[in-house]
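Peer 1: Have a peek at my_file.cif (mmCIF, C-alpha atoms).
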data_structure
loop_
_atom_site.label_atom_id
_atom_site.label_comp_id
_atom_site.auth_asym_id
_atom_site.auth_seq_id
_atom_site.Cartn_x
_atom_site.Cartn_y
_atom_site.Cartn_z
CA MET S 89 123.81 127.92 90.89
CA ILE S 90 121.62 129.55 88.22
CA PHE S 91 120.12 127.31 85.53
CA LYS S 92 118.19 128.29 82.44
CA PHE S 93 114.94 126.44 81.78
CA THR S 94 112.27 126.33 79.09
CA LYS S 95 108.61 125.73 79.92
CA MET S 96 106.97 123.67 77.14
CA HIS S 97 103.87 121.61 76.57
CA GLY S 98 102.57 118.98 74.20
CA ALA S 99 98.76 118.89 74.06
CA GLY S 100 98.73 120.66 77.43
CA ASN S 101 101.03 118.13 79.13
CA ASP S 102 103.53 120.66 80.51
CA TYR S 103 107.06 120.14 81.80
CA ILE S 104 110.04 122.29 82.76
CA TYR S 105 112.98 121.49 80.46
CA PHE S 106 116.67 121.81 81.28
CA ASP S 107 119.42 121.63 78.66
CA CYS S 108 122.05 119.55 80.46
CA PHE S 109 124.52 119.08 77.61
CA ASP S 110 127.11 121.21 79.39
CA ARG S 111 126.27 120.59 83.06
CA ASN S 112 124.00 118.20 84.92
CA ILE S 113 121.50 118.56 87.76
CA SER S 114 122.35 116.44 90.80
CA ASN S 115 118.99 116.50 92.60
CA PRO S 116 116.30 116.10 89.91
CA SER S 117 113.73 114.34 92.12
CA GLU S 118 113.73 117.04 94.79
CA LEU S 119 113.84 119.75 92.14
CA SER S 120 110.83 118.32 90.33
CA ILE S 121 108.75 118.37 93.51
CA LYS S 122 109.74 121.96 94.20
CA LEU S 123 109.38 123.42 90.71
CA SER S 124 106.23 121.53 89.68
CA ASP S 125 104.14 123.16 92.42
CA ARG S 126 101.65 125.36 90.56
CA HIS S 127 101.29 127.78 93.46
CA LYS S 128 104.81 127.98 94.90
CA GLY S 129 106.95 126.91 91.93
CA ILE S 130 107.09 127.34 88.18
CA GLY S 131 104.26 124.86 87.77
CA GLY S 132 104.15 121.75 85.62
CA ASP S 133 103.63 118.00 85.44
CA GLY S 134 107.33 117.53 86.23
CA ILE S 135 110.79 118.32 84.87
CA VAL S 136 112.76 116.94 81.92
CA LEU S 137 116.54 116.80 81.63
CA ILE S 138 118.02 116.76 78.12
CA LEU S 139 121.44 115.13 78.27
CA PRO S 140 124.17 113.91 75.91
CA SER S 141 123.93 110.26 74.82
CA ASP S 142 126.42 107.70 73.56
CA VAL S 143 123.77 105.89 71.52
CA ALA S 144 121.42 108.64 70.26
CA ASP S 145 121.31 112.35 69.47
CA ALA S 146 120.24 113.06 73.05
CA LYS S 147 119.03 111.40 76.23
CA MET S 148 115.82 112.31 78.06
CA ARG S 149 115.20 111.85 81.77
CA MET S 150 111.79 112.89 83.06
CA PHE S 151 110.58 113.25 86.63
CA ASN S 152 106.97 113.46 87.76
CA ALA S 153 105.56 116.11 90.04
CA ASP S 154 105.98 113.77 93.03
CA GLY S 155 109.68 113.29 92.26
CA SER S 156 109.42 109.79 90.84
CA GLU S 157 111.29 109.11 87.60
CA GLY S 158 109.22 108.09 84.61
CA LYS S 159 110.44 105.80 81.87
CA MET S 160 108.86 107.61 78.95
CA CYS S 161 106.51 110.48 78.10
CA GLY S 162 105.24 110.85 74.56
CA ASN S 163 104.29 114.51 74.90
CA ALA S 164 107.58 115.40 76.60
CA ILE S 165 109.74 113.71 73.98
CA ARG S 166 108.11 115.78 71.22
CA CYS S 167 109.09 118.90 73.14
CA VAL S 168 112.63 117.56 73.51
CA ALA S 169 112.74 117.19 69.72
CA LYS S 170 111.48 120.76 69.27
CA LEU S 171 114.05 122.21 71.65
CA LEU S 172 116.91 120.33 69.98
CA PHE S 173 115.68 121.22 66.49
CA ASP S 174 115.01 124.88 67.24
CA ARG S 175 118.51 125.22 68.73
CA LYS S 176 119.97 123.54 65.63
CA ARG S 177 121.44 120.60 67.52
CA VAL S 178 119.66 118.15 65.18
CA SER S 179 118.01 117.97 61.75
CA THR S 180 114.36 117.05 61.13
CA HIS S 181 115.17 113.40 61.86
CA LEU S 182 116.56 112.50 65.29
CA THR S 183 116.84 109.85 67.98
CA VAL S 184 116.36 110.19 71.73
CA GLU S 185 117.48 107.72 74.39
CA THR S 186 114.93 107.00 77.14
CA LEU S 187 114.51 104.41 79.88
CA SER S 188 112.11 102.71 77.45
CA GLY S 189 114.70 102.50 74.71
CA ILE S 190 115.75 104.70 71.80
CA LYS S 191 112.89 106.57 70.12
CA THR S 192 112.97 107.90 66.56
CA LEU S 193 111.33 111.24 65.81
CA ASP S 194 110.66 113.47 62.80
CA VAL S 195 109.84 117.16 62.77
CA ILE S 196 107.03 117.23 60.18
CA LYS S 197 105.79 120.82 60.40
CA THR S 198 107.56 124.13 61.06
CA ASP S 199 106.46 127.77 61.31
CA LYS S 200 107.56 130.69 59.10
CA ASP S 201 110.67 131.13 61.27
CA GLY S 202 111.70 127.50 60.88
CA LYS S 203 110.70 126.50 64.42
CA ALA S 204 109.16 123.07 64.99
CA LEU S 205 105.37 122.92 65.31
CA GLU S 206 104.51 119.22 64.97
CA VAL S 207 106.57 116.11 65.65
CA LYS S 208 105.95 112.46 64.75
CA VAL S 209 107.31 109.80 67.09
CA ASP S 210 107.84 106.10 66.50
CA MET S 211 106.75 104.91 69.93
CA GLY S 212 107.62 101.27 69.27
CA ALA S 213 105.51 98.14 69.51
CA PRO S 214 103.01 97.86 72.36
CA ILE S 215 103.72 95.36 75.13
CA LEU S 216 100.72 93.14 75.85
CA LYS S 217 102.09 90.31 77.98
CA PRO S 218 100.92 90.81 81.58
CA ASN S 219 104.27 90.07 83.23
CA LYS S 220 105.99 92.61 80.96
CA ILE S 221 103.49 95.45 81.53
CA PRO S 222 103.57 94.54 84.50
CA CYS S 223 100.21 93.47 85.87
CA LYS S 224 99.05 90.39 87.74
CA PHE S 225 96.75 88.70 85.22
CA ASP S 226 96.95 85.25 83.71
CA GLY S 227 97.14 84.61 79.97
CA ASP S 228 98.99 86.17 77.07
CA SER S 229 97.16 89.51 77.18
CA VAL S 230 94.64 91.52 79.19
CA VAL S 231 91.78 92.51 76.90
CA ASN S 232 88.32 93.25 78.30
CA LYS S 233 89.10 91.64 81.66
CA THR S 234 87.30 92.54 84.90
CA ILE S 235 88.61 94.46 87.92
CA ASN S 236 86.32 95.13 90.86
CA ILE S 237 86.70 98.51 92.59
CA ASP S 238 84.47 99.25 95.58
CA GLY S 239 81.90 96.70 94.42
CA VAL S 240 81.81 97.93 90.81
CA ASP S 241 83.14 95.80 87.94
CA TYR S 242 85.28 97.60 85.37
CA LYS S 243 86.22 96.03 82.03
CA VAL S 244 89.88 96.81 81.43
CA THR S 245 92.56 96.38 78.78
CA CYS S 246 96.22 96.62 79.78
CA VAL S 247 99.02 97.89 77.54
CA SER S 248 102.57 99.05 78.11
CA MET S 249 104.14 101.68 75.89
CA GLY S 250 107.30 101.60 78.00
CA ASN S 251 105.18 102.36 81.05
CA PRO S 252 102.05 100.57 82.28
CA HIS S 253 98.54 101.64 81.24
CA VAL S 254 95.07 100.36 82.01
CA ILE S 255 92.29 101.48 79.67
CA ILE S 256 88.63 101.64 80.67
CA PHE S 257 85.81 102.46 78.24
CA VAL S 258 83.10 104.71 79.67
CA ASP S 259 79.85 106.20 78.34
CA ASP S 260 80.54 109.83 79.31
CA VAL S 261 84.15 110.72 80.04
CA GLU S 262 83.35 114.32 80.98
CA ARG S 263 81.09 113.24 83.86
CA PHE S 264 83.22 110.33 85.02
CA ASP S 265 84.87 110.61 88.46
CA VAL S 266 88.44 110.34 87.15
CA GLU S 267 90.12 111.44 90.38
CA ARG S 268 88.39 108.97 92.68
CA ILE S 269 88.63 105.94 90.41
CA GLY S 270 92.05 106.90 89.07
CA ARG S 271 93.47 106.91 92.58
CA LYS S 272 92.02 103.45 93.18
CA PHE S 273 93.66 102.01 90.08
CA GLU S 274 97.00 103.80 90.50
CA ARG S 275 98.13 101.70 93.46
CA HIS S 276 95.93 98.64 92.99
CA THR S 277 97.66 95.41 94.00
CA LEU S 278 97.26 94.07 90.44
CA PHE S 279 99.82 96.64 89.30
CA PRO S 280 103.11 96.13 91.18
CA GLU S 281 104.70 99.30 89.72
CA GLY S 282 101.53 101.38 89.80
CA VAL S 283 99.62 102.24 86.63
CA ASN S 284 98.42 105.11 84.46
CA THR S 285 94.67 104.92 83.93
CA GLU S 286 92.90 106.06 80.76
CA PHE S 287 89.15 106.65 80.72
CA VAL S 288 87.94 106.55 77.11
CA GLN S 289 84.69 107.45 75.37
CA VAL S 290 84.39 106.24 71.78
CA ILE S 291 82.82 108.86 69.50
CA ASP S 292 83.19 106.95 66.23
CA LYS S 293 85.58 104.59 64.45
CA SER S 294 88.26 107.27 64.09
CA HIS S 295 87.70 109.54 67.09
CA VAL S 296 87.75 108.99 70.86
CA LYS S 297 87.83 111.24 73.91
CA MET S 298 90.25 110.41 76.73
CA ARG S 299 91.03 111.60 80.24
CA VAL S 300 94.02 110.28 82.12
CA TRP S 301 95.09 109.75 85.70
CA GLU S 302 98.89 109.49 85.69
CA ARG S 303 100.77 107.72 88.43
CA GLY S 304 102.82 110.27 90.30
CA SER S 305 101.07 113.31 88.81
CA GLY S 306 97.29 112.83 89.08
CA GLU S 307 95.01 113.98 86.27
CA THR S 308 96.94 115.73 83.52
CA MET S 309 95.89 117.58 80.39
CA ALA S 310 97.34 114.86 78.18
CA CYS S 311 99.46 111.71 78.13
CA GLY S 312 101.21 110.66 74.93
CA THR S 313 101.95 107.06 75.90
CA GLY S 314 98.40 106.89 77.26
CA ALA S 315 96.97 108.05 73.94
CA CYS S 316 99.04 105.36 72.20
CA ALA S 317 97.90 102.69 74.65
CA THR S 318 94.31 103.86 74.15
CA ALA S 319 94.56 103.48 70.37
CA VAL S 320 95.93 99.95 70.81
CA ALA S 321 93.16 99.08 73.27
CA CYS S 322 90.52 100.49 70.89
CA ALA S 323 91.82 98.30 68.07
CA LEU S 324 92.07 95.19 70.26
CA ASN S 325 88.47 95.68 71.39
CA ASN S 326 87.23 96.48 67.85
CA LYS S 327 86.12 99.94 68.97
CA THR S 328 87.96 101.84 66.21
CA GLY S 329 90.21 101.35 63.23
CA ARG S 330 94.00 101.41 63.40
CA LYS S 331 94.23 105.18 62.90
CA VAL S 332 92.44 107.31 65.45
CA GLU S 333 92.33 110.86 66.75
CA VAL S 334 92.56 110.89 70.54
CA GLU S 335 90.98 114.03 71.97
CA LEU S 336 92.45 114.99 75.35
CA LEU S 337 91.77 117.89 77.68
CA GLY S 338 94.80 119.73 76.28
CA GLY S 339 94.48 118.93 72.58
CA THR S 340 94.30 116.13 70.03
CA LEU S 341 96.92 113.53 69.11
CA CYS S 342 96.87 111.45 65.95
CA ILE S 343 97.78 107.81 66.63
CA GLU S 344 98.41 105.11 64.04
CA TYR S 345 98.81 101.51 65.15
CA THR S 346 100.47 99.11 62.72
CA ASP S 347 103.11 96.70 64.02
CA THR S 348 104.42 99.71 65.88
CA VAL S 349 102.67 102.84 67.13
CA PHE S 350 103.19 106.29 65.61
CA MET S 351 102.11 109.44 67.42
CA THR S 352 101.85 112.89 65.87
CA GLY S 353 101.17 116.05 67.85
CA ASN S 354 102.20 119.58 68.65
CA ALA S 355 105.15 120.86 70.69
CA VAL S 356 104.83 124.36 72.10
CA GLU S 357 107.36 126.60 73.85
CA VAL S 358 105.64 128.69 76.54
CA PHE S 359 108.49 130.74 78.00
CA ASP S 360 112.16 130.73 79.03
CA GLY S 361 113.50 131.66 82.44
CA THR S 362 116.18 131.07 85.05
CA VAL S 363 116.00 129.39 88.42
CA GLU S 364 118.48 129.02 91.26
CA ILE S 365 119.24 125.37 92.05
#
Can you turn what I pasted into structure tokens?

Peer 2:
Amino acid sequence: MIFKFTKMHGAGNDYIYFDCFDRNISNPSELSIKLSDRHKGIGGDGIVLILPSDVADAKMRMFNADGSEGKMCGNAIRCVAKLLFDRKRVSTHLTVETLSGIKTLDVIKTDKDGKALEVKVDMGAPILKPNKIPCKFDGDSVVNKTINIDGVDYKVTCVSMGNPHVIIFVDDVERFDVERIGRKFERHTLFPEGVNTEFVQVIDKSHVKMRVWERGSGETMACGTGACATAVACALNNKTGRKVEVELLGGTLCIEYTDTVFMTGNAVEVFDGTVEI
């Protein structure tokens, strides 16, 4: 069976998108493993299915490069909004159902042809209680707590934005061994569902640099929920103000943390194609 797809990215976090309003894909996990391969497939951090929803304008299911299903991806959902908007399925204001709940989005910038360029997402309130993240710490929150990895103590802050994140502040993020330490955190026994790990260098009160090791995908160019979790962690540790630019390998996201977290960033269509499934 031949399916059309669209390759898109938000801040370099790239996925393969399938419009499943008219027909569904029965083997998304296996397909994500196959298509995400950057040498033998289309290449990407995973695949995203855009489906009809009974409670929102559309439903998003996203699968990582290892085939595991993710609950939410902030960069992917902006691309979902762009695809729906560009194809005139929605207006500038829309809702998308995810495994982390219904998210509200607004297309805030378009190009001369009326195609979406930037999207703002209400990512919801951060989850700070350890048993809800989940992570195995005592207390009401995990802020500047210690985890020992291979004899080295790391000060960590844990936040869920619908998926679990652990944030670590480092002096030089470019030189930090993200792969080695990220792998250690990903499946650490303190995180029963695994964890996404953000390594963050504070530049000033409104600007940080971040690299991310995502569970199921390894290091990626960007992580929207990770950028949101980072902004929350920065505020909780008095590293920055409540509005911060998070500079990632693939681009910059603007995050504002009030009672909820708002994320603004780009959504870029790379190319369309067809694939036999």

Peer 1: Can you tell me which residues surround S:Val283 at a distance of at most 6 Å, considering all atoms listed in the file, apart from same-chain residues fewer than 4 positions away, and format the answer as an mmCIF file with C-alpha atoms, in the frame of the given file?

Peer 2:
data_model
loop_
_atom_site.group_PDB
_atom_site.id
_atom_site.type_symbol
_atom_site.label_atom_id
_atom_site.label_comp_id
_atom_site.auth_asym_id
_atom_site.auth_seq_id
_atom_site.Cartn_x
_atom_site.Cartn_y
_atom_site.Cartn_z
ATOM 1 C CA PRO S 252 102.050 100.570 82.280
ATOM 2 C CA HIS S 253 98.540 101.640 81.240
ATOM 3 C CA GLU S 274 97.000 103.800 90.500
ATOM 4 C CA ARG S 303 100.770 107.720 88.430
#

Peer 1: Can you tell me, as a ChimeraX atom specification, what residues are no more than 7 Å from S:Arg149 when counting only C-alpha atoms, ignoring any on the same chain fewer than 2 positions away?

Peer 2: /S:136-138,147,151,186

Peer 1: Which polymer residues have any atom within 10 Å of an atom of S:Asp194, counting all atoms listed in the file, with same-chain residues fewer than 5 positions away left out, as a list in words?

Peer 2: Arg166, Ala169, Lys170, Phe173, Ser179, Thr180, His181, Leu182, Thr183, Ala204, Glu206, Val207, Lys208, Val209, Asp210 and Thr352 of chain S

Peer 1: Keeping only C-alpha atoms, write those residues as a PDB file, in the frame of the given file.

Peer 2:
ATOM      1  CA  ARG S 166     108.110 115.780  71.220  1.00  0.00           C
ATOM      2  CA  ALA S 169     112.740 117.190  69.720  1.00  0.00           C
ATOM      3  CA  LYS S 170     111.480 120.760  69.270  1.00  0.00           C
ATOM      4  CA  PHE S 173     115.680 121.220  66.490  1.00  0.00           C
ATOM      5  CA  SER S 179     118.010 117.970  61.750  1.00  0.00           C
ATOM      6  CA  THR S 180     114.360 117.050  61.130  1.00  0.00           C
ATOM      7  CA  HIS S 181     115.170 113.400  61.860  1.00  0.00           C
ATOM      8  CA  LEU S 182     116.560 112.500  65.290  1.00  0.00           C
ATOM      9  CA  THR S 183     116.840 109.850  67.980  1.00  0.00           C
ATOM     10  CA  ALA S 204     109.160 123.070  64.990  1.00  0.00           C
ATOM     11  CA  GLU S 206     104.510 119.220  64.970  1.00  0.00           C
ATOM     12  CA  VAL S 207     106.570 116.110  65.650  1.00  0.00           C
ATOM     13  CA  LYS S 208     105.950 112.460  64.750  1.00  0.00           C
ATOM     14  CA  VAL S 209     107.310 109.800  67.090  1.00  0.00           C
ATOM     15  CA  ASP S 210     107.840 106.100  66.500  1.00  0.00           C
ATOM     16  CA  THR S 352     101.850 112.890  65.870  1.00  0.00           C
TER      17      THR S 352
END

Peer 1: Using all atoms listed in the file, can you tell me which of S:Val230, S:Ile269, S:Met96, S:Ala144 comes closest to S:Asn325?

Peer 2: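 Among the listed residues, S:Val230 lies closest to S:Asn325.
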
Peer 1: Could you check how far atom CA of S:Phe225 sits from atom CA of S:Asn251, in Å to one decimal?

Peer 2: 16.6 Å

Peer 1: Which residue is closest to S:Ile130? Choose from S:Asn101, S:Ser114, S:Thr94, S:Thr328 and count all atoms listed in the file.

Peer 2: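 So, comparing all the options, the nearest one is S:Thr94.
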
Peer 1: Please return the centre and edge lengths, in Å to one decimal, of a box with edges along x, y and z that contains all listed atoms of stretch 139-150 of chain S, widened by 8 Å on every side, as JSON.

Peer 2:
{"center_x": 119.1, "center_y": 110.5, "center_z": 76.3, "size_x": 30.6, "size_y": 25.2, "size_z": 29.6}

Peer 1: Could you list, as a PyMOL selection string, every residue within 9 Å of stretch 255-261 of chain S, counting all atoms listed in the file and ignoring same-chain residues fewer than 5 positions away?

Peer 2: chain S and resi 232+242-247+266+284-290+297-299+314+317-318+321-322

Peer 1: What residues come out when you apply the PyMOL selection byres ((chain S and resi 117) around 8) to this file, written as a VMD selection string?

Peer 2: chain S and resid 115 to 116 118 to 121 151 154 to 157

Peer 1: Measure the distance from atom CA of S:Met249 to atom CA of S:Leu193 in Å and round it to one decimal.

Peer 2: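 Interatomic distance here is 15.6 Å.
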
Peer 1: Rounded to one decimal place, report the atom CA of S:Gly239-atom CA of S:Gly304 distance in Å.

Peer 2: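 Calculated distance between atom CA of S:Gly239 and atom CA of S:Gly304 is 25.3 Å.
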
Peer 1: Using all atoms listed in the file - which residues lie no farther than 9 Å from the point (97.4, 94.1, 87.2) in the file's frame? Write them as a PyMOL selection string.

Peer 2: chain S and resi 218-219+221-225+230+235+246+254+276-280+282-283

Peer 1: List the residues matched by the PyMOL selection byres ((chain S and resi 313) around 8) in the displayed structure as an mmCIF file with C-alpha atoms, keeping the file's coordinate frame, ordered by chain and then by residue number.

Peer 2:
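part-v1.cif written:
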data_model
loop_
_atom_site.group_PDB
_atom_site.id
_atom_site.type_symbol
_atom_site.label_atom_id
_atom_site.label_comp_id
_atom_site.auth_asym_id
_atom_site.auth_seq_id
_atom_site.Cartn_x
_atom_site.Cartn_y
_atom_site.Cartn_z
ATOM 1 C CA MET S 160 108.860 107.610 78.950
ATOM 2 C CA CYS S 161 106.510 110.480 78.100
ATOM 3 C CA GLY S 162 105.240 110.850 74.560
ATOM 4 C CA ASN S 163 104.290 114.510 74.900
ATOM 5 C CA MET S 211 106.750 104.910 69.930
ATOM 6 C CA MET S 249 104.140 101.680 75.890
ATOM 7 C CA GLY S 250 107.300 101.600 78.000
ATOM 8 C CA ASN S 251 105.180 102.360 81.050
ATOM 9 C CA CYS S 311 99.460 111.710 78.130
ATOM 10 C CA GLY S 312 101.210 110.660 74.930
ATOM 11 C CA GLY S 314 98.400 106.890 77.260
ATOM 12 C CA ALA S 315 96.970 108.050 73.940
ATOM 13 C CA CYS S 316 99.040 105.360 72.200
ATOM 14 C CA ALA S 317 97.900 102.690 74.650
#

Peer 1: I need the residue set behind the PyMOL selection byres ((chain S and resi 363) around 8) for this file; please write it as a PDB file with C-alpha atoms, in the coordinates of the input.

Peer 2:
ATOM      1  CA  ILE S  90     121.620 129.550  88.220  1.00  0.00           C
ATOM      2  CA  PHE S  91     120.120 127.310  85.530  1.00  0.00           C
ATOM      3  CA  LYS S  92     118.190 128.290  82.440  1.00  0.00           C
ATOM      4  CA  PHE S  93     114.940 126.440  81.780  1.00  0.00           C
ATOM      5  CA  GLY S 361     113.500 131.660  82.440  1.00  0.00           C
ATOM      6  CA  THR S 362     116.180 131.070  85.050  1.00  0.00           C
ATOM      7  CA  GLU S 364     118.480 129.020  91.260  1.00  0.00           C
ATOM      8  CA  ILE S 365     119.240 125.370  92.050  1.00  0.00           C
TER       9      ILE S 365
END

Peer 1: Select, from S:Gly306, S:Gly338, S:Gly134, S:Gly189, the residue with the minimum atom-to-atom distance to S:Asn152, counting only C-alpha atoms.

Peer 2: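 Checking each candidate against S:Asn152, we get S:Gly134 as the closest.
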
Peer 1: Which of these, S:Met148, S:Leu139, S:Leu216, S:Leu123, has the shortest distance to S:Asp110 once you count all atoms listed in the file?

Peer 2: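 So, comparing all the options, the nearest one is S:Leu139.
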